[in-house]
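Data file: upload.cif. Format and content: mmCIF, C-alpha atoms and all ligand atoms.
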data_target
#
loop_
_atom_site.label_atom_id
_atom_site.label_comp_id
_atom_site.auth_asym_id
_atom_site.auth_seq_id
_atom_site.Cartn_x
_atom_site.Cartn_y
_atom_site.Cartn_z
CA MET A 249 9.85 82.23 28.83
CA ILE A 250 13.53 83.12 29.11
CA ILE A 251 16.43 80.85 29.88
CA ILE A 252 19.38 82.68 31.40
CA MET A 253 22.64 80.88 30.82
CA ASN A 254 25.33 81.09 33.46
CA PRO A 255 28.45 83.10 32.56
CA LYS A 256 30.50 79.91 32.16
CA ALA A 257 28.11 78.29 29.67
CA SER A 258 29.73 77.36 26.37
CA GLU A 259 28.38 78.13 22.88
CA GLU A 260 27.61 74.42 22.64
CA ASP A 261 25.49 74.58 25.84
CA VAL A 262 23.54 77.49 24.34
CA ARG A 263 23.07 75.62 21.06
CA LYS A 264 21.66 72.61 22.92
CA VAL A 265 19.19 74.71 24.91
CA LYS A 266 18.04 76.37 21.68
CA ALA A 267 17.61 72.96 20.05
CA VAL A 268 15.49 71.64 22.94
CA VAL A 269 13.15 74.65 22.72
CA GLU A 270 12.96 74.55 18.93
CA ALA A 271 12.21 70.83 18.95
CA LYS A 272 8.91 71.77 20.64
CA GLY A 273 8.04 73.92 17.64
CA LEU A 274 8.81 77.22 19.39
CA GLU A 275 10.94 80.05 18.08
CA THR A 276 14.06 81.14 19.97
CA HIS A 277 15.47 84.60 20.33
CA LEU A 278 19.09 84.88 21.38
CA SER A 279 20.52 87.82 23.27
CA LYS A 280 24.22 88.00 24.01
CA GLY A 281 25.81 90.43 26.43
CA ASP A 282 29.43 90.72 27.57
CA THR A 283 29.04 88.05 30.22
CA TYR A 284 25.70 86.39 29.57
CA TYR A 285 23.53 84.63 27.05
CA ILE A 286 19.74 84.78 27.23
CA VAL A 287 17.64 82.35 25.22
CA GLY A 288 14.09 83.63 24.78
CA ALA A 289 11.34 81.20 23.84
CA VAL A 290 8.50 82.70 21.80
CA GLY A 291 5.19 80.99 21.09
CA ASP A 292 2.96 78.79 23.22
CA THR A 293 5.46 78.27 26.04
CA SER A 294 2.92 76.37 28.16
CA ILE A 295 4.23 73.21 26.51
CA LEU A 296 7.71 73.81 27.97
CA ASP A 297 8.54 72.34 31.37
CA PRO A 298 10.80 74.83 33.20
CA LYS A 299 12.13 72.05 35.44
CA LYS A 300 13.42 70.13 32.42
CA LEU A 301 15.14 73.22 31.04
CA GLN A 302 16.62 74.10 34.42
CA VAL A 303 18.71 70.91 34.52
CA LEU A 304 20.30 71.42 31.09
CA LYS A 305 24.04 72.08 31.16
CA GLY A 306 24.97 75.77 31.43
CA VAL A 307 21.49 76.94 32.46
CA ASP A 308 21.44 79.39 35.36
CA ARG A 309 17.72 80.27 35.68
CA VAL A 310 14.45 79.83 33.84
CA MET A 311 11.88 82.60 34.12
CA LYS A 312 8.34 83.05 32.86
CA VAL A 313 7.80 86.41 31.15
CA GLN A 314 4.62 87.91 32.61
CA GLU A 315 4.07 90.55 29.93
CA PRO A 316 2.38 89.56 26.65
CA PHE A 317 5.11 91.28 24.62
CA LYS A 318 8.23 89.19 24.25
CA LYS A 319 10.62 90.40 21.55
CA ALA A 320 10.00 94.00 22.63
CA ASN A 321 10.60 93.07 26.29
CA ARG A 322 13.75 94.22 28.04
CA ILE A 323 13.92 90.86 29.80
CA PHE A 324 14.55 89.26 26.40
CA LYS A 325 17.23 91.78 25.49
CA PRO A 326 18.69 93.79 28.38
CA GLU A 327 20.76 96.19 26.25
CA ASP A 328 19.20 99.15 24.40
CA THR A 329 18.30 98.70 20.75
CA VAL A 330 20.11 101.25 18.61
CA VAL A 331 18.71 102.11 15.18
CA ASN A 332 21.24 103.47 12.72
CA VAL A 333 19.96 104.91 9.45
CA GLU A 334 22.86 105.89 7.21
CA GLY A 335 24.75 107.31 10.18
CA SER A 336 21.77 109.01 11.86
CA VAL A 337 21.47 107.13 15.13
CA VAL A 338 18.54 106.74 17.54
CA GLY A 339 19.17 105.14 20.93
CA GLY A 340 22.17 104.11 22.97
CA GLY A 341 22.97 107.69 24.00
CA ARG A 342 22.37 109.25 20.58
CA LEU A 343 19.38 111.45 19.79
CA GLY A 344 17.36 111.21 16.59
CA ILE A 345 15.99 114.66 15.72
CA MET A 346 13.32 114.32 13.03
CA ALA A 347 12.11 117.66 11.73
CA GLY A 348 10.15 118.97 8.78
CA PRO A 349 6.67 119.98 7.69
CA CYS A 350 3.48 118.16 8.55
CA SER A 351 2.82 117.79 4.80
CA VAL A 352 5.13 117.98 1.83
CA GLU A 353 3.57 120.78 -0.23
CA SER A 354 6.03 121.67 -2.99
CA GLU A 355 9.63 121.13 -4.05
CA GLU A 356 10.66 124.63 -2.93
CA GLN A 357 8.99 124.16 0.46
CA ILE A 358 10.49 120.79 1.31
CA ILE A 359 13.98 121.66 0.09
CA GLU A 360 14.04 124.96 1.93
CA VAL A 361 12.83 123.38 5.18
CA ALA A 362 15.20 120.42 4.79
CA LYS A 363 18.21 122.73 4.42
CA ARG A 364 17.19 124.81 7.41
CA VAL A 365 16.51 121.90 9.78
CA LYS A 366 19.75 120.23 8.76
CA ALA A 367 21.71 123.44 9.43
CA ALA A 368 20.09 123.64 12.86
CA GLY A 369 21.14 120.08 13.74
CA ALA A 370 18.29 117.75 12.75
CA ASN A 371 19.47 114.36 11.53
CA PHE A 372 16.25 113.14 9.84
CA LEU A 373 13.78 114.93 7.55
CA ARG A 374 10.11 114.30 8.22
CA GLY A 375 7.27 115.16 5.86
CA GLY A 376 3.87 113.64 5.16
CA ALA A 377 3.02 112.55 1.63
CA PHE A 378 -0.02 110.45 2.57
CA LYS A 379 -1.96 112.32 5.24
CA PRO A 380 -4.48 110.81 7.68
CA ARG A 381 -6.95 113.72 7.89
CA THR A 382 -10.08 113.79 10.03
CA SER A 383 -12.04 115.32 7.16
CA PRO A 384 -12.12 113.82 3.67
CA TYR A 385 -12.34 117.41 2.35
CA SER A 386 -8.99 118.42 3.89
CA PHE A 387 -5.68 118.24 1.97
CA GLN A 388 -4.80 114.55 1.71
CA GLY A 389 -1.13 114.94 0.76
CA LEU A 390 0.76 114.85 -2.55
CA GLU A 391 0.99 111.05 -2.29
CA LEU A 392 3.61 109.49 -4.63
CA GLU A 393 4.64 112.94 -5.89
CA GLY A 394 5.36 113.81 -2.24
CA LEU A 395 7.71 110.82 -1.94
CA LYS A 396 9.61 112.08 -5.01
CA LEU A 397 9.97 115.52 -3.46
CA LEU A 398 11.22 114.02 -0.20
CA LYS A 399 13.84 112.12 -2.18
CA ALA A 400 14.89 115.32 -3.92
CA ALA A 401 15.28 116.97 -0.49
CA LYS A 402 17.35 114.02 0.66
CA GLN A 403 19.58 114.41 -2.37
CA GLU A 404 20.11 118.07 -1.52
CA THR A 405 20.81 117.59 2.17
CA GLY A 406 21.73 113.95 2.77
CA LEU A 407 19.08 113.72 5.51
CA PRO A 408 17.35 110.31 5.67
CA ILE A 409 13.59 110.61 5.23
CA VAL A 410 10.75 109.58 7.54
CA THR A 411 7.23 109.52 6.17
CA GLU A 412 3.89 107.92 6.98
CA LEU A 413 2.52 104.81 5.30
CA MET A 414 -1.24 104.34 5.64
CA SER A 415 -1.98 101.50 3.26
CA THR A 416 -0.28 98.28 2.24
CA ASP A 417 -1.03 99.33 -1.38
CA TYR A 418 2.07 101.53 -1.27
CA LEU A 419 4.33 99.23 0.72
CA ASP A 420 6.67 98.43 -2.19
CA ALA A 421 7.11 102.10 -3.06
CA PHE A 422 7.90 102.90 0.57
CA VAL A 423 10.42 100.07 0.93
CA GLU A 424 12.09 101.34 -2.23
CA GLU A 425 12.07 105.09 -1.50
CA VAL A 426 11.85 105.71 2.24
CA ASP A 427 14.50 105.41 4.97
CA MET A 428 12.11 105.10 7.90
CA ILE A 429 8.42 104.21 7.65
CA GLN A 430 6.14 106.05 10.06
CA ILE A 431 3.02 104.32 11.29
CA GLY A 432 0.70 107.03 12.52
CA ALA A 433 -1.39 107.12 15.67
CA ARG A 434 -4.55 106.21 13.75
CA ASN A 435 -2.98 103.08 12.33
CA MET A 436 -1.17 101.84 15.43
CA GLN A 437 -3.56 98.92 15.62
CA ASN A 438 -3.92 98.29 11.89
CA PHE A 439 -2.64 94.77 12.41
CA ASP A 440 -2.50 93.85 8.74
CA LEU A 441 -0.31 96.89 8.05
CA LEU A 442 1.88 95.99 11.05
CA LYS A 443 2.31 92.41 9.83
CA GLN A 444 3.28 93.56 6.35
CA ILE A 445 5.89 96.09 7.50
CA GLY A 446 7.18 93.42 9.88
CA ARG A 447 8.30 91.46 6.83
CA THR A 448 10.46 94.34 5.58
CA LYS A 449 13.82 95.48 6.87
CA THR A 450 13.02 99.20 6.80
CA PRO A 451 13.22 100.89 10.23
CA ILE A 452 9.77 101.71 11.59
CA LEU A 453 8.64 104.71 13.63
CA LEU A 454 5.58 103.51 15.55
CA LYS A 455 3.47 106.31 16.95
CA ARG A 456 1.30 105.73 19.99
CA GLY A 457 -2.40 105.35 19.22
CA LEU A 458 -4.83 108.12 20.14
CA SER A 459 -6.03 106.29 23.26
CA ALA A 460 -3.64 103.37 23.39
CA THR A 461 -2.28 102.00 26.64
CA ILE A 462 1.46 101.45 26.84
CA GLU A 463 0.89 97.70 26.72
CA GLU A 464 -1.26 97.94 23.57
CA TRP A 465 1.45 100.08 21.99
CA LEU A 466 4.16 97.56 22.84
CA MET A 467 1.95 94.77 21.47
CA SER A 468 1.83 96.66 18.18
CA ALA A 469 5.64 96.82 18.22
CA GLU A 470 5.56 93.09 18.91
CA TYR A 471 3.49 92.52 15.74
CA ILE A 472 6.21 94.20 13.69
CA MET A 473 9.04 92.39 15.48
CA ALA A 474 7.29 89.02 15.27
CA GLY A 475 7.57 89.32 11.49
CA GLY A 476 11.35 89.70 11.78
CA ASN A 477 11.75 93.48 11.68
CA GLU A 478 13.32 94.48 14.98
CA ASN A 479 14.23 98.05 13.94
CA VAL A 480 11.33 99.70 15.74
CA ILE A 481 11.37 103.15 17.32
CA LEU A 482 8.42 104.19 19.48
CA CYS A 483 7.03 107.73 19.36
CA GLU A 484 4.97 109.25 22.19
CA ARG A 485 2.73 111.91 20.60
CA GLY A 486 0.19 112.56 23.33
CA VAL A 487 -3.00 110.73 24.16
CA ARG A 488 -6.60 111.83 24.23
CA THR A 489 -7.90 112.90 27.64
CA PHE A 490 -10.73 115.06 29.03
CA GLU A 491 -8.52 118.13 28.42
CA THR A 492 -9.53 120.33 25.49
CA ILE A 493 -7.21 123.35 25.75
CA THR A 494 -4.34 121.30 24.37
CA ARG A 495 -4.71 119.00 21.34
CA ASN A 496 -3.63 115.93 23.30
CA THR A 497 -2.02 115.28 26.68
CA LEU A 498 1.68 114.46 26.47
CA ASP A 499 2.36 111.37 28.54
CA LEU A 500 5.99 111.89 29.47
CA GLN A 501 5.83 109.12 32.04
CA ALA A 502 5.62 106.80 29.07
CA VAL A 503 9.32 107.48 28.42
CA PRO A 504 10.75 105.99 31.65
CA VAL A 505 8.03 103.33 31.66
CA ILE A 506 9.00 102.19 28.15
CA LYS A 507 12.69 102.32 29.09
CA ARG A 508 11.95 99.97 31.97
CA LEU A 509 9.74 97.56 30.03
CA SER A 510 11.44 97.55 26.66
CA HIS A 511 14.82 97.87 24.96
CA LEU A 512 13.32 99.81 22.03
CA PRO A 513 14.23 103.48 21.53
CA ILE A 514 11.50 106.03 22.25
CA ILE A 515 11.23 109.55 20.86
CA VAL A 516 8.70 112.29 21.68
CA ASP A 517 6.60 114.41 19.30
CA PRO A 518 5.62 117.56 21.22
CA SER A 519 4.08 119.12 18.07
CA HIS A 520 1.13 116.72 17.81
CA ALA A 521 0.94 116.37 21.60
CA GLY A 522 0.29 120.02 22.41
CA GLY A 523 -1.07 121.22 19.11
CA TYR A 524 0.44 124.70 19.54
CA ALA A 525 3.87 126.05 18.62
CA TYR A 526 4.39 127.66 22.06
CA LEU A 527 4.22 124.25 23.75
CA VAL A 528 6.90 122.66 21.60
CA GLU A 529 10.04 124.03 23.25
CA PRO A 530 9.14 123.36 26.90
CA MET A 531 7.91 119.85 26.13
CA ALA A 532 10.88 119.06 23.87
CA LYS A 533 13.29 120.00 26.67
CA ALA A 534 11.26 117.98 29.18
CA ALA A 535 11.25 115.00 26.80
CA ILE A 536 15.04 114.91 26.59
CA MET A 537 15.28 115.31 30.38
CA SER A 538 12.89 112.40 30.80
CA GLY A 539 15.26 110.12 28.88
CA ALA A 540 13.81 110.20 25.36
CA ASP A 541 16.06 109.11 22.49
CA GLY A 542 14.97 111.92 20.23
CA LEU A 543 12.25 114.25 19.01
CA MET A 544 9.87 114.71 16.12
CA ILE A 545 9.20 118.38 15.44
CA GLU A 546 7.01 119.99 12.80
CA VAL A 547 8.75 122.88 11.02
CA HIS A 548 7.22 124.94 8.20
CA ASN A 549 8.64 127.83 6.20
CA ASP A 550 5.25 129.62 6.34
CA PRO A 551 3.15 128.15 9.17
CA GLU A 552 0.27 130.60 8.65
CA ASN A 553 -0.34 129.22 5.18
CA ALA A 554 0.52 125.57 5.87
CA LEU A 555 -1.87 123.05 4.31
CA SER A 556 -1.94 121.09 7.60
CA ASP A 557 -0.98 121.63 11.24
CA GLY A 558 0.29 125.21 10.79
CA GLN A 559 -0.70 126.22 14.35
CA GLN A 560 1.72 123.72 15.88
CA SER A 561 4.57 124.21 13.39
CA LEU A 562 7.73 126.12 14.23
CA THR A 563 9.33 128.48 11.74
CA PRO A 564 12.92 127.58 10.79
CA ASP A 565 14.09 130.48 13.00
CA GLN A 566 12.14 129.10 15.96
CA PHE A 567 13.60 125.68 15.24
CA ASP A 568 17.11 127.17 15.41
CA VAL A 569 16.34 128.47 18.91
CA LEU A 570 14.78 125.15 19.92
CA MET A 571 17.85 123.23 18.78
CA SER A 572 20.23 125.43 20.74
CA LYS A 573 18.16 124.64 23.85
CA VAL A 574 17.89 120.95 23.02
CA LYS A 575 21.66 120.72 22.55
CA ALA A 576 22.18 122.26 26.00
CA VAL A 577 19.77 119.79 27.60
CA ALA A 578 21.36 116.90 25.71
CA LYS A 579 24.70 117.86 27.26
CA ILE A 580 23.24 117.69 30.76
CA GLU A 581 21.80 114.28 29.96
CA ASP A 582 25.09 113.14 28.41
CA LYS A 583 23.50 112.48 25.03
CA GLU A 584 24.87 113.18 21.58
CA ILE A 585 22.99 114.18 18.45
C1 LIG B 601 2.07 113.30 11.66
O1 LIG B 601 3.15 112.96 12.13
O2 LIG B 601 1.95 114.16 10.77
C2 LIG B 601 0.83 112.71 12.20
C3 LIG B 601 -0.31 112.69 11.50
O3 LIG B 601 0.97 112.25 13.46
P1 LIG B 601 0.01 111.37 14.40
O4 LIG B 601 -0.18 110.07 13.69
O5 LIG B 601 0.80 111.27 15.66
O6 LIG B 601 -1.27 112.13 14.57
MN MN B 602 0.99 116.91 11.50
#

If you took the structure in this file and wrote it as C-alpha cells, what would it be?
Amino acid sequence: MIIIMNPKASEEDVRKVKAVVEAKGLETHLSKGDTYYIVGAVGDTSILDPKKLQVLKGVDRVMKVQEPFKKANRIFKPEDTVVNVEGSVVGGGRLGIMAGPCSVESEEQIIEVAKRVKAAGANFLRGGAFKPRTSPYSFQGLELEGLKLLKAAKQETGLPIVTELMSTDYLDAFVEEVDMIQIGARNMQNFDLLKQIGRTKTPILLKRGLSATIEEWLMSAEYIMAGGNENVILCERGVRTFETITRNTLDLQAVPVIKRLSHLPIIVDPSHAGGYAYLVEPMAKAAIMSGADGLMIEVHNDPENALSDGQQSLTPDQFDVLMSKVKAVAKIEDKEI
C-alpha cells in the first residue's frame, strides 16, 4: 500500500503517517521527490484500513499496490535508482559498460583485457572467478585466485570489478574484495543467496533467470531489497525459447517493461543472449536504443583459445569498434558513459 502525501504536507504530517503504519507492525519506505512524499507500507497490509489513513492530516491519496513486488516498484519510488560505484554510474542517464572475459584465466590475460576495455570506454571490468558450468568436467574458474587477479587488474586500471558469486560460503570474501556482486541466471531464484546478499551493502547485478518471467525476476530483486540492500541492477541476458540457432532469445521488451514497473536500472548482456560474437554489436546498439542503462560484454584477448564462451567473445579490437558505435547511439539517446 502507498500513501501519497499532498504537496503541502509537513514533515510532521509524514512522521505521523509513518508512525500509524509502524504501530501496526509494518515497515515503511519513504520516497521524497521535489514536491511530494510517498510513504510505502511493506508487509501484511491487509490489516491497514485505507479509510483511516485517508483522513490523516496531509494525506492526499491511499493506493493498494497490485504487484507483489513493493520496494522494487516504481509506484513506491517514482524516480530512477542510480547506482554509483566509485564514480562509475549506472542509471539516471548514465551508462554502465561492463566488459571483460567470461573467465579470469591468468594475470596477463585479465590485465591486458582490462587495459584494452578501459581504453575503449568501459567503466567496469567483468570476469568470472567462480563459473557456473553445465558440465562438471568444464573449467570451473580460478576461484579465490581469480578474485586476486581481478583486484590486480583493478589496481592497474582503476576499473571497479564485477564478478559472480555462486555460494554463500564465499560471501565474506566477495564483500571484502568485489565492487559489484553478480548473481547469475542459474542462481536468480537461489533465495538463500539472495537473502544473504540483501544484508550486505555491495551493489548487486541480478541476471534474469534462464526461463524467468519479469515478475519472478523483480521478486528476486525484492528479496535482496527486503534485506536492506537497495543497490540492485537488473541484467537481461536472454531467455530460453524454442529457438536453437541462437543461444538464448534476447527479450528487449523487458527493458521498457522494467522501466515502467520498476525504478531499478537495467542493463543488457548481448553476449550470453545471442551466444555468437556477430550478434553482439547489433543487439548492443538495439539495447541502448531501447532505453537500457548499460551493457555487459564479453571480451577476450584470444577468443579461439578461451576457457569458456570464446564463440561469443569479442576481441579487444572488435570491442573498440563496438564502443565507437555505442557512443554514437548513446548520443542519440542523450545518455552519457
Ligand atoms: C556470465 O556472465 O559469465 C554468466 C555465466 O552469465 P549468465 O548467468 O547470464 O549465464
Ligand atoms: Mn560467459

Residues within 10 Å of ligand MN 602 (chain B), counting all atoms listed in the file, as number ranges by chain: A: 348-351, 375-376, 379-381, 432, 517, 519-520, 523, 545-547, 555-561

Residue neighbourhood stretch 249-258 of chain A, 7 Å, all atoms listed in the file, exclusion window fewer than 3 positions, as a ChimeraX atom specification: /A:261-262,283-289,293,306-313,324

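Minimum atom-to-atom distances from A:Ala368, A:Leu570, A:Ile481, A:Val426 to A:Leu392 were compared using only C-alpha atoms, and the lowest value belongs to A:Val426.
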
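For the residues A:Glu484, A:Glu327, A:Glu260, A:Glu391, ranking by smallest atom-to-atom distance to ligand LIG 601 (chain B) using all atoms listed in the file places A:Glu484 first.
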
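The space between atom CA of A:Ile506 and atom CA of A:Arg456 spans 11.8 Å.
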
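When all atoms listed in the file are used to measure the gap to ligand LIG 601 (chain B), the shortest distance among A:Ala576, A:Val516, A:Ala535, A:Ala525 belongs to A:Val516.
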
Using all atoms of ligand LIG 601 (chain B) that appear in the file, construct an axis-aligned enclosing box with 4 Å of padding on every side and provide its centre coordinates and edge lengths in Å, rounded to one decimal, as lines of an AutoDock Vina configuration file.
center_x = 0.9
center_y = 112.1
center_z = 13.2
size_x = 12.4
size_y = 12.1
size_z = 12.9

Selection near A:Ala400, 9 Å with all atoms listed in the file, sequence-local residues under 5 positions removed, as a VMD selection string: chain A and resid 355 358 to 359 395 405
